[in-house]
file input_16.txt (compact mmCIF, N, CA and C atoms)
# COMPACT_ATOMS: atom_id res chain seq x y z
N MET R 1 -24.50 1.62 3.82
CA MET R 1 -23.42 2.02 4.69
C MET R 1 -23.64 1.40 6.07
N ALA R 2 -22.64 0.73 6.54
CA ALA R 2 -22.73 0.15 7.88
C ALA R 2 -22.55 1.24 8.91
N TYR R 3 -23.09 1.05 10.08
CA TYR R 3 -22.85 2.02 11.14
C TYR R 3 -22.52 1.30 12.43
N PRO R 4 -21.83 1.99 13.33
CA PRO R 4 -21.16 1.37 14.46
C PRO R 4 -21.99 1.20 15.72
N SER R 5 -23.24 0.87 15.60
CA SER R 5 -24.04 0.84 16.82
C SER R 5 -24.28 -0.57 17.37
N ALA R 6 -23.52 -1.52 16.92
CA ALA R 6 -23.75 -2.89 17.37
C ALA R 6 -23.66 -3.04 18.88
N LEU R 7 -22.80 -2.25 19.53
CA LEU R 7 -22.66 -2.38 20.97
C LEU R 7 -23.87 -1.87 21.73
N THR R 8 -24.59 -0.93 21.14
CA THR R 8 -25.66 -0.28 21.88
C THR R 8 -26.99 -0.30 21.13
N ARG R 9 -27.06 -0.98 20.04
CA ARG R 9 -28.24 -0.92 19.19
C ARG R 9 -29.39 -1.75 19.73
N ARG R 10 -30.57 -1.17 19.64
CA ARG R 10 -31.80 -1.90 19.91
C ARG R 10 -32.45 -2.13 18.56
N PRO R 11 -33.22 -3.20 18.38
CA PRO R 11 -33.87 -3.43 17.10
C PRO R 11 -34.63 -2.20 16.64
N GLY R 12 -34.38 -1.80 15.37
CA GLY R 12 -35.08 -0.66 14.79
C GLY R 12 -34.52 0.69 15.20
N SER R 13 -33.44 0.72 15.95
CA SER R 13 -32.89 1.98 16.44
C SER R 13 -31.67 2.39 15.62
N ASP R 14 -31.55 3.67 15.33
CA ASP R 14 -30.37 4.21 14.68
C ASP R 14 -29.63 5.11 15.65
N LYS R 15 -29.35 4.59 16.82
CA LYS R 15 -28.70 5.37 17.87
C LYS R 15 -27.48 4.63 18.38
N LEU R 16 -26.54 5.37 18.92
CA LEU R 16 -25.37 4.78 19.56
C LEU R 16 -25.03 5.62 20.77
N ARG R 17 -24.09 5.15 21.55
CA ARG R 17 -23.69 5.85 22.77
C ARG R 17 -22.19 6.11 22.76
N PHE R 18 -21.84 7.31 23.21
CA PHE R 18 -20.45 7.64 23.46
C PHE R 18 -20.40 8.80 24.45
N GLU R 19 -19.49 8.69 25.41
CA GLU R 19 -19.24 9.78 26.34
C GLU R 19 -17.80 9.66 26.83
N CYS R 20 -17.03 10.73 26.64
CA CYS R 20 -15.66 10.74 27.16
C CYS R 20 -15.69 10.44 28.65
N GLN R 21 -14.74 9.63 29.09
CA GLN R 21 -14.65 9.28 30.49
C GLN R 21 -13.60 10.15 31.17
N SER R 22 -13.94 10.67 32.31
CA SER R 22 -13.07 11.58 33.05
C SER R 22 -11.68 10.98 33.23
N GLY R 23 -10.68 11.77 32.88
CA GLY R 23 -9.29 11.34 33.06
C GLY R 23 -8.76 10.44 31.97
N CYS R 24 -9.59 10.01 31.05
CA CYS R 24 -9.16 9.09 30.00
C CYS R 24 -8.37 9.84 28.93
N THR R 25 -7.26 9.27 28.49
CA THR R 25 -6.48 9.82 27.38
C THR R 25 -6.14 8.73 26.36
N LYS R 26 -6.93 7.66 26.36
CA LYS R 26 -6.64 6.53 25.48
C LYS R 26 -6.56 6.94 24.02
N CYS R 27 -7.47 7.83 23.57
CA CYS R 27 -7.45 8.24 22.16
C CYS R 27 -6.15 8.98 21.82
N CYS R 28 -5.61 9.70 22.78
CA CYS R 28 -4.38 10.47 22.57
C CYS R 28 -3.14 9.58 22.57
N GLU R 29 -3.27 8.40 23.13
CA GLU R 29 -2.14 7.48 23.25
C GLU R 29 -2.01 6.54 22.06
N GLN R 30 -2.99 6.54 21.16
CA GLN R 30 -2.97 5.64 20.02
C GLN R 30 -1.98 6.12 18.97
N GLN R 31 -1.37 5.18 18.29
CA GLN R 31 -0.42 5.53 17.25
C GLN R 31 -1.16 6.10 16.04
N GLY R 32 -0.64 7.16 15.48
CA GLY R 32 -1.25 7.77 14.31
C GLY R 32 -0.92 9.25 14.28
N PHE R 33 -1.50 9.94 13.31
CA PHE R 33 -1.22 11.36 13.13
C PHE R 33 -2.44 12.19 13.47
N VAL R 34 -2.19 13.41 13.92
CA VAL R 34 -3.25 14.39 14.14
C VAL R 34 -3.15 15.40 13.00
N TYR R 35 -4.11 15.33 12.09
CA TYR R 35 -4.15 16.24 10.95
C TYR R 35 -4.79 17.55 11.38
N LEU R 36 -4.30 18.64 10.80
CA LEU R 36 -4.72 19.97 11.21
C LEU R 36 -5.35 20.76 10.07
N THR R 37 -6.32 21.56 10.43
CA THR R 37 -6.87 22.54 9.50
C THR R 37 -6.14 23.86 9.75
N GLU R 38 -6.31 24.80 8.84
CA GLU R 38 -5.73 26.13 9.06
C GLU R 38 -6.32 26.76 10.33
N ASP R 39 -7.63 26.54 10.55
CA ASP R 39 -8.26 27.05 11.78
C ASP R 39 -7.63 26.44 13.03
N ASP R 40 -7.31 25.15 12.97
CA ASP R 40 -6.65 24.49 14.10
C ASP R 40 -5.32 25.18 14.41
N ILE R 41 -4.54 25.44 13.37
CA ILE R 41 -3.23 26.05 13.56
C ILE R 41 -3.37 27.43 14.19
N THR R 42 -4.30 28.21 13.68
CA THR R 42 -4.53 29.56 14.23
C THR R 42 -4.97 29.50 15.68
N ARG R 43 -5.93 28.62 15.98
CA ARG R 43 -6.46 28.50 17.35
C ARG R 43 -5.40 28.00 18.32
N LEU R 44 -4.66 26.96 17.92
CA LEU R 44 -3.61 26.41 18.78
C LEU R 44 -2.49 27.42 19.00
N ALA R 45 -2.10 28.12 17.95
CA ALA R 45 -1.04 29.13 18.07
C ALA R 45 -1.45 30.21 19.07
N ARG R 46 -2.68 30.68 18.95
CA ARG R 46 -3.16 31.70 19.87
C ARG R 46 -3.14 31.15 21.30
N PHE R 47 -3.56 29.91 21.47
CA PHE R 47 -3.63 29.31 22.80
C PHE R 47 -2.25 29.20 23.46
N VAL R 48 -1.24 28.82 22.67
CA VAL R 48 0.11 28.67 23.24
C VAL R 48 0.93 29.95 23.10
N LYS R 49 0.25 31.03 22.70
CA LYS R 49 0.85 32.37 22.64
C LYS R 49 2.03 32.45 21.66
N LEU R 50 1.81 31.88 20.47
CA LEU R 50 2.77 31.98 19.38
C LEU R 50 2.05 32.53 18.15
N SER R 51 2.81 33.06 17.23
CA SER R 51 2.21 33.42 15.95
C SER R 51 1.93 32.11 15.21
N PRO R 52 0.98 32.11 14.27
CA PRO R 52 0.75 30.89 13.49
C PRO R 52 2.02 30.39 12.81
N ALA R 53 2.84 31.29 12.30
CA ALA R 53 4.09 30.88 11.64
C ALA R 53 5.04 30.22 12.63
N ALA R 54 5.19 30.80 13.82
CA ALA R 54 6.08 30.22 14.83
C ALA R 54 5.54 28.88 15.32
N PHE R 55 4.21 28.80 15.51
CA PHE R 55 3.60 27.53 15.92
C PHE R 55 3.87 26.46 14.87
N GLU R 56 3.65 26.83 13.64
CA GLU R 56 3.85 25.86 12.56
C GLU R 56 5.30 25.40 12.48
N LYS R 57 6.23 26.32 12.61
CA LYS R 57 7.65 25.96 12.55
C LYS R 57 8.01 24.97 13.66
N GLN R 58 7.44 25.16 14.83
CA GLN R 58 7.78 24.32 15.97
C GLN R 58 7.00 23.00 16.04
N PHE R 59 5.72 23.02 15.64
CA PHE R 59 4.86 21.87 15.92
C PHE R 59 4.23 21.18 14.71
N VAL R 60 4.36 21.75 13.52
CA VAL R 60 3.61 21.23 12.38
C VAL R 60 4.53 20.68 11.29
N TYR R 61 4.13 19.52 10.78
CA TYR R 61 4.76 18.95 9.59
C TYR R 61 3.82 19.28 8.44
N ARG R 62 4.36 19.89 7.39
CA ARG R 62 3.51 20.31 6.28
C ARG R 62 4.13 19.89 4.96
N THR R 63 3.27 19.35 4.10
CA THR R 63 3.63 19.15 2.71
C THR R 63 2.73 20.09 1.92
N LYS R 64 2.74 19.99 0.62
CA LYS R 64 1.92 20.87 -0.20
C LYS R 64 0.45 20.83 0.20
N ASN R 65 -0.07 19.64 0.48
CA ASN R 65 -1.50 19.48 0.75
C ASN R 65 -1.84 18.94 2.15
N LEU R 66 -0.87 18.81 3.01
CA LEU R 66 -1.09 18.14 4.29
C LEU R 66 -0.49 18.94 5.43
N ARG R 67 -1.21 18.99 6.54
CA ARG R 67 -0.72 19.60 7.76
C ARG R 67 -1.03 18.63 8.90
N ARG R 68 -0.01 18.32 9.69
CA ARG R 68 -0.24 17.45 10.84
C ARG R 68 0.73 17.83 11.94
N LEU R 69 0.34 17.47 13.16
CA LEU R 69 1.26 17.69 14.28
C LEU R 69 2.49 16.80 14.12
N ARG R 70 3.63 17.33 14.45
CA ARG R 70 4.84 16.51 14.47
C ARG R 70 4.69 15.48 15.60
N VAL R 71 5.25 14.32 15.41
CA VAL R 71 5.21 13.27 16.43
C VAL R 71 6.59 13.20 17.07
N PRO R 72 6.70 13.64 18.32
CA PRO R 72 8.00 13.61 18.98
C PRO R 72 8.41 12.19 19.37
N ARG R 73 9.67 12.03 19.66
CA ARG R 73 10.15 10.71 20.11
C ARG R 73 9.54 10.36 21.47
N HIS R 74 9.20 9.11 21.62
CA HIS R 74 8.77 8.52 22.90
C HIS R 74 7.41 8.97 23.41
N VAL R 75 6.69 9.82 22.70
CA VAL R 75 5.31 10.17 23.06
C VAL R 75 4.50 10.28 21.77
N GLN R 76 3.23 10.08 21.88
CA GLN R 76 2.39 10.16 20.69
C GLN R 76 2.00 11.59 20.35
N CYS R 77 1.83 12.44 21.36
CA CYS R 77 1.43 13.82 21.12
C CYS R 77 2.20 14.74 22.07
N ILE R 78 2.78 15.78 21.51
CA ILE R 78 3.57 16.73 22.31
C ILE R 78 2.71 17.43 23.35
N PHE R 79 1.40 17.53 23.11
CA PHE R 79 0.51 18.25 24.02
C PHE R 79 -0.12 17.34 25.08
N LEU R 80 0.15 16.05 25.03
CA LEU R 80 -0.38 15.13 26.04
C LEU R 80 0.57 15.11 27.24
N LYS R 81 0.06 15.55 28.36
CA LYS R 81 0.83 15.61 29.60
C LYS R 81 0.27 14.58 30.58
N PRO R 82 0.97 14.29 31.68
CA PRO R 82 0.48 13.29 32.63
C PRO R 82 -0.94 13.56 33.14
N ASP R 83 -1.31 14.83 33.23
CA ASP R 83 -2.67 15.16 33.71
C ASP R 83 -3.67 15.38 32.57
N GLY R 84 -3.29 15.07 31.34
CA GLY R 84 -4.22 15.17 30.21
C GLY R 84 -3.73 16.10 29.12
N CYS R 85 -4.64 16.50 28.27
CA CYS R 85 -4.33 17.34 27.12
C CYS R 85 -4.06 18.77 27.58
N SER R 86 -2.89 19.27 27.26
CA SER R 86 -2.52 20.63 27.69
C SER R 86 -3.14 21.71 26.80
N VAL R 87 -3.75 21.32 25.69
CA VAL R 87 -4.41 22.29 24.79
C VAL R 87 -5.89 21.94 24.62
N HIS R 88 -6.46 21.29 25.61
CA HIS R 88 -7.82 20.75 25.51
C HIS R 88 -8.83 21.77 24.98
N VAL R 89 -8.84 22.98 25.49
CA VAL R 89 -9.84 23.96 25.05
C VAL R 89 -9.62 24.43 23.62
N ALA R 90 -8.43 24.21 23.07
CA ALA R 90 -8.11 24.63 21.71
C ALA R 90 -7.79 23.45 20.80
N LYS R 91 -8.10 22.26 21.23
CA LYS R 91 -7.64 21.06 20.51
C LYS R 91 -8.14 21.01 19.06
N PRO R 92 -7.39 20.31 18.21
CA PRO R 92 -7.73 20.22 16.79
C PRO R 92 -9.08 19.55 16.53
N LEU R 93 -9.63 19.86 15.37
CA LEU R 93 -10.90 19.27 14.93
C LEU R 93 -10.87 17.74 15.05
N GLN R 94 -9.79 17.13 14.62
CA GLN R 94 -9.69 15.67 14.67
C GLN R 94 -9.88 15.16 16.09
N CYS R 95 -9.31 15.84 17.06
CA CYS R 95 -9.44 15.43 18.46
C CYS R 95 -10.84 15.71 18.99
N ARG R 96 -11.40 16.85 18.60
CA ARG R 96 -12.75 17.22 19.06
C ARG R 96 -13.82 16.29 18.53
N THR R 97 -13.61 15.71 17.36
CA THR R 97 -14.66 14.89 16.74
C THR R 97 -14.54 13.40 17.08
N PHE R 98 -13.47 12.97 17.71
CA PHE R 98 -13.35 11.56 18.08
C PHE R 98 -14.51 11.15 18.98
N PRO R 99 -15.13 9.98 18.77
CA PRO R 99 -14.82 8.90 17.83
C PRO R 99 -15.64 8.95 16.54
N TYR R 100 -16.21 10.09 16.23
CA TYR R 100 -17.07 10.19 15.05
C TYR R 100 -16.27 10.50 13.80
N TRP R 101 -15.24 9.72 13.58
CA TRP R 101 -14.41 9.84 12.39
C TRP R 101 -15.02 9.00 11.28
N PRO R 102 -14.86 9.40 10.02
CA PRO R 102 -15.45 8.63 8.93
C PRO R 102 -15.10 7.14 8.95
N GLU R 103 -13.85 6.83 9.20
CA GLU R 103 -13.43 5.42 9.18
C GLU R 103 -14.07 4.61 10.31
N LEU R 104 -14.53 5.26 11.37
CA LEU R 104 -15.18 4.55 12.47
C LEU R 104 -16.70 4.53 12.29
N VAL R 105 -17.26 5.65 11.89
CA VAL R 105 -18.72 5.74 11.71
C VAL R 105 -19.17 4.88 10.53
N ASP R 106 -18.32 4.78 9.51
CA ASP R 106 -18.68 4.04 8.30
C ASP R 106 -18.36 2.55 8.35
N ASP R 107 -17.64 2.11 9.35
CA ASP R 107 -17.20 0.71 9.37
C ASP R 107 -17.40 0.11 10.77
N LYS R 108 -18.40 -0.72 10.87
CA LYS R 108 -18.76 -1.34 12.16
C LYS R 108 -17.57 -2.07 12.80
N ARG R 109 -16.77 -2.76 11.99
CA ARG R 109 -15.62 -3.49 12.54
C ARG R 109 -14.61 -2.54 13.17
N GLU R 110 -14.35 -1.41 12.50
CA GLU R 110 -13.41 -0.43 13.04
C GLU R 110 -13.95 0.17 14.34
N TRP R 111 -15.26 0.43 14.38
CA TRP R 111 -15.88 0.96 15.61
C TRP R 111 -15.70 -0.03 16.75
N LEU R 112 -15.98 -1.30 16.48
CA LEU R 112 -15.86 -2.33 17.52
C LEU R 112 -14.41 -2.51 17.96
N LYS R 113 -13.48 -2.40 17.02
CA LYS R 113 -12.05 -2.49 17.36
C LYS R 113 -11.66 -1.31 18.27
N THR R 114 -12.16 -0.14 17.97
CA THR R 114 -11.88 1.04 18.78
C THR R 114 -12.51 0.90 20.17
N ALA R 115 -13.68 0.29 20.23
CA ALA R 115 -14.38 0.09 21.51
C ALA R 115 -13.56 -0.77 22.48
N LYS R 116 -12.65 -1.58 21.95
CA LYS R 116 -11.83 -2.43 22.82
C LYS R 116 -10.87 -1.60 23.68
N TRP R 117 -10.45 -0.43 23.19
CA TRP R 117 -9.54 0.39 23.98
C TRP R 117 -10.16 1.71 24.45
N CYS R 118 -11.31 2.09 23.89
CA CYS R 118 -11.96 3.34 24.29
C CYS R 118 -13.09 3.06 25.28
N PRO R 119 -12.91 3.44 26.54
CA PRO R 119 -13.93 3.14 27.54
C PRO R 119 -15.20 3.97 27.42
N GLY R 120 -15.21 5.00 26.58
CA GLY R 120 -16.40 5.84 26.43
C GLY R 120 -17.41 5.32 25.43
N ILE R 121 -16.97 4.41 24.56
CA ILE R 121 -17.89 3.84 23.58
C ILE R 121 -18.83 2.88 24.31
N GLY R 122 -20.13 3.11 24.08
CA GLY R 122 -21.15 2.31 24.75
C GLY R 122 -21.68 2.96 26.01
N LYS R 123 -21.15 4.14 26.35
CA LYS R 123 -21.59 4.85 27.56
C LYS R 123 -22.17 6.20 27.17
N GLY R 124 -22.92 6.78 28.09
CA GLY R 124 -23.43 8.12 27.88
C GLY R 124 -24.78 8.15 27.20
N PRO R 125 -25.20 9.35 26.83
CA PRO R 125 -26.52 9.50 26.21
C PRO R 125 -26.55 8.92 24.80
N LEU R 126 -27.74 8.57 24.36
CA LEU R 126 -27.89 8.07 23.00
C LEU R 126 -27.58 9.17 21.99
N VAL R 127 -26.93 8.79 20.91
CA VAL R 127 -26.58 9.71 19.84
C VAL R 127 -27.21 9.17 18.55
N GLN R 128 -27.90 10.01 17.83
CA GLN R 128 -28.48 9.60 16.56
C GLN R 128 -27.35 9.33 15.57
N ILE R 129 -27.46 8.26 14.80
CA ILE R 129 -26.43 7.92 13.82
C ILE R 129 -26.24 9.06 12.82
N GLU R 130 -27.31 9.74 12.46
CA GLU R 130 -27.18 10.85 11.51
C GLU R 130 -26.35 11.98 12.11
N SER R 131 -26.45 12.19 13.40
CA SER R 131 -25.60 13.20 14.05
C SER R 131 -24.13 12.78 13.97
N ALA R 132 -23.86 11.51 14.23
CA ALA R 132 -22.49 11.00 14.15
C ALA R 132 -21.97 11.12 12.72
N ARG R 133 -22.80 10.83 11.75
CA ARG R 133 -22.39 10.94 10.34
C ARG R 133 -22.13 12.39 9.96
N ALA R 134 -22.91 13.31 10.49
CA ALA R 134 -22.70 14.73 10.20
C ALA R 134 -21.35 15.19 10.76
N ILE R 135 -21.01 14.74 11.96
CA ILE R 135 -19.71 15.07 12.55
C ILE R 135 -18.59 14.48 11.70
N ALA R 136 -18.78 13.23 11.26
CA ALA R 136 -17.78 12.59 10.40
C ALA R 136 -17.60 13.38 9.11
N GLN R 137 -18.68 13.95 8.60
CA GLN R 137 -18.59 14.74 7.37
C GLN R 137 -17.72 15.98 7.57
N THR R 138 -17.73 16.55 8.77
CA THR R 138 -16.86 17.71 9.01
C THR R 138 -15.39 17.31 8.88
N MET R 139 -15.07 16.08 9.26
CA MET R 139 -13.70 15.58 9.09
C MET R 139 -13.38 15.42 7.60
N ARG R 140 -14.32 14.86 6.85
CA ARG R 140 -14.11 14.69 5.41
C ARG R 140 -13.91 16.04 4.74
N ASP R 141 -14.74 17.00 5.10
CA ASP R 141 -14.66 18.33 4.51
C ASP R 141 -13.35 19.03 4.86
N ALA R 142 -12.90 18.86 6.09
CA ALA R 142 -11.68 19.53 6.55
C ALA R 142 -10.41 18.88 6.01
N ASN R 143 -10.47 17.59 5.74
CA ASN R 143 -9.30 16.83 5.29
C ASN R 143 -9.63 15.98 4.07
N PRO R 144 -10.02 16.59 2.96
CA PRO R 144 -10.48 15.81 1.80
C PRO R 144 -9.43 14.85 1.24
N LEU R 145 -8.15 15.14 1.40
CA LEU R 145 -7.13 14.23 0.87
C LEU R 145 -7.03 12.95 1.70
N ASN R 146 -7.49 12.98 2.94
CA ASN R 146 -7.42 11.80 3.80
C ASN R 146 -8.63 10.90 3.65
N TYR R 147 -9.72 11.43 3.05
CA TYR R 147 -10.95 10.64 2.97
C TYR R 147 -11.44 10.54 1.56

call {"tool": "encode", "arguments": {"input": "input_16.txt", "output": "structure tokens"}}
result
Amino acid sequence: MAYPSALTRRPGSDKLRFECQSGCTKCCEQQGFVYLTEDDITRLARFVKLSPAAFEKQFVYRTKNLRRLRVPRHVQCIFLKPDGCSVHVAKPLQCRTFPYWPELVDDKREWLKTAKWCPGIGKGPLVQIESARAIAQTMRDANPLNY
């Protein structure tokens, strides 16, 4: 399995660096979907003071096996405001685990591609690759149909 530490790797090291940069919302501006767990829906609903059913009716697209935030016209995320994420303390698992997503941790090219727009990759304290893989596994476990 390849791992994404080419930007920060020292010979013999299984470490990488990532640290969110203050004020950055680049990950929120990327095109794609935010998949939700049932826990995400409950936590977000409580945060915005709605019942889970009301939150889901207003903000969630659901099929039999899939839950994701609806994507409104002209913005990537309804909760992204000019000053940042309006639900930051309650944000979904997918948002909390970025950039340690399976498709990035498992594919060096994807990690490097992400590093072109994410200013936090390559910065901050060293992270053990096994820690990054464990975080990626939480995404796999939470969204098995996507991985």

call {"tool": "select_by_dssp", "arguments": {"input": "input_16.txt", "residues": "chain R", "states": "alpha helix (DSSP H)", "output": "MDAnalysis selection string"}}
result
chainID R and resid 26:29 38:47 52:59 93:97 102:105 108:115 129:142

call {"tool": "atom_distance", "arguments": {"input": "input_16.txt", "atom1": "atom C of R:Arg43", "atom2": "atom C of R:Glu130"}}
result
27.1 Å

call {"tool": "select_by_dssp", "arguments": {"input": "input_16.txt", "residues": "chain R", "states": "strand (DSSP E)", "output": "JSON, numbers by chain"}}
result
{"R": [15, 16, 17, 18, 60, 61, 62, 67, 68, 69, 80, 81, 84, 85, 121, 122, 123, 124, 125, 126, 127, 128]}

call {"tool": "residues_around", "arguments": {"input": "input_16.txt", "residues": "R:Trp117", "least_positions_apart": "3", "cutoff": "9 Å", "atoms": "only C-alpha atoms", "output": "ChimeraX atom specification"}}
result
/R:26-27,113-114

call {"tool": "atom_distance", "arguments": {"input": "input_16.txt", "atom1": "atom C of R:Ser131", "atom2": "atom N of R:Asp39"}}
result
21.8 Å

call {"tool": "atom_distance", "arguments": {"input": "input_16.txt", "atom1": "atom CA of R:Leu145", "atom2": "atom CA of R:Arg68"}}
result
12.5 Å

call {"tool": "residues_around", "arguments": {"input": "input_16.txt", "residues": "R:Leu80", "least_positions_apart": "5", "cutoff": "8 Å", "atoms": "all atoms listed in the file", "output": "PyMOL selection string"}}
result
chain R and resi 28-29+75+85-87

call {"tool": "residues_around", "arguments": {"input": "input_16.txt", "residues": "R:Gln76", "least_positions_apart": "5", "cutoff": "8 Å", "atoms": "all atoms listed in the file", "output": "PyMOL selection string"}}
result
chain R and resi 28-34+70-71

call {"tool": "residues_around", "arguments": {"input": "input_16.txt", "residues": "stretch 136-138 of chain R", "least_positions_apart": "5", "cutoff": "6 Å", "atoms": "only C-alpha atoms", "output": "number ranges by chain"}}
result
R: 100-102

call {"tool": "closest_residue", "arguments": {"input": "input_16.txt", "among": "R:Val105, R:Ala53, R:Ala90, R:Ala115", "to": "R:Ala132", "atoms": "all atoms listed in the file"}}
result
R:Val105

call {"tool": "closest_residue", "arguments": {"input": "input_16.txt", "among": "R:Gln58, R:Asn146, R:Gln128, R:Thr25", "to": "R:Ile41", "atoms": "only C-alpha atoms"}}
result
R:Gln58

call {"tool": "residues_near_point", "arguments": {"input": "input_16.txt", "point": "(-17.2, 8.0, 26.8)", "cutoff": "6.5 Å", "atoms": "all atoms listed in the file", "output": "PyMOL selection string"}}
result
chain R and resi 18-21+119-124

call {"tool": "closest_residue", "arguments": {"input": "input_16.txt", "among": "R:Arg73, R:Phe47, R:Ile129, R:Phe59", "to": "R:Leu104", "atoms": "only C-alpha atoms"}}
result
R:Ile129

call {"tool": "closest_residue", "arguments": {"input": "input_16.txt", "among": "R:Leu93, R:Leu66, R:Ala134, R:Val60", "to": "R:Ile78", "atoms": "only C-alpha atoms"}}
result
R:Val60

call {"tool": "residues_around", "arguments": {"input": "input_16.txt", "residues": "R:Ala45", "least_positions_apart": "6", "cutoff": "7 Å", "atoms": "all atoms listed in the file", "output": "PyMOL selection string"}}
result
chain R and resi 51-52+55-56

call {"tool": "closest_residue", "arguments": {"input": "input_16.txt", "among": "R:Ala54, R:Leu36, R:Val127, R:Ala142", "to": "R:Arg17", "atoms": "only C-alpha atoms"}}
result
R:Val127
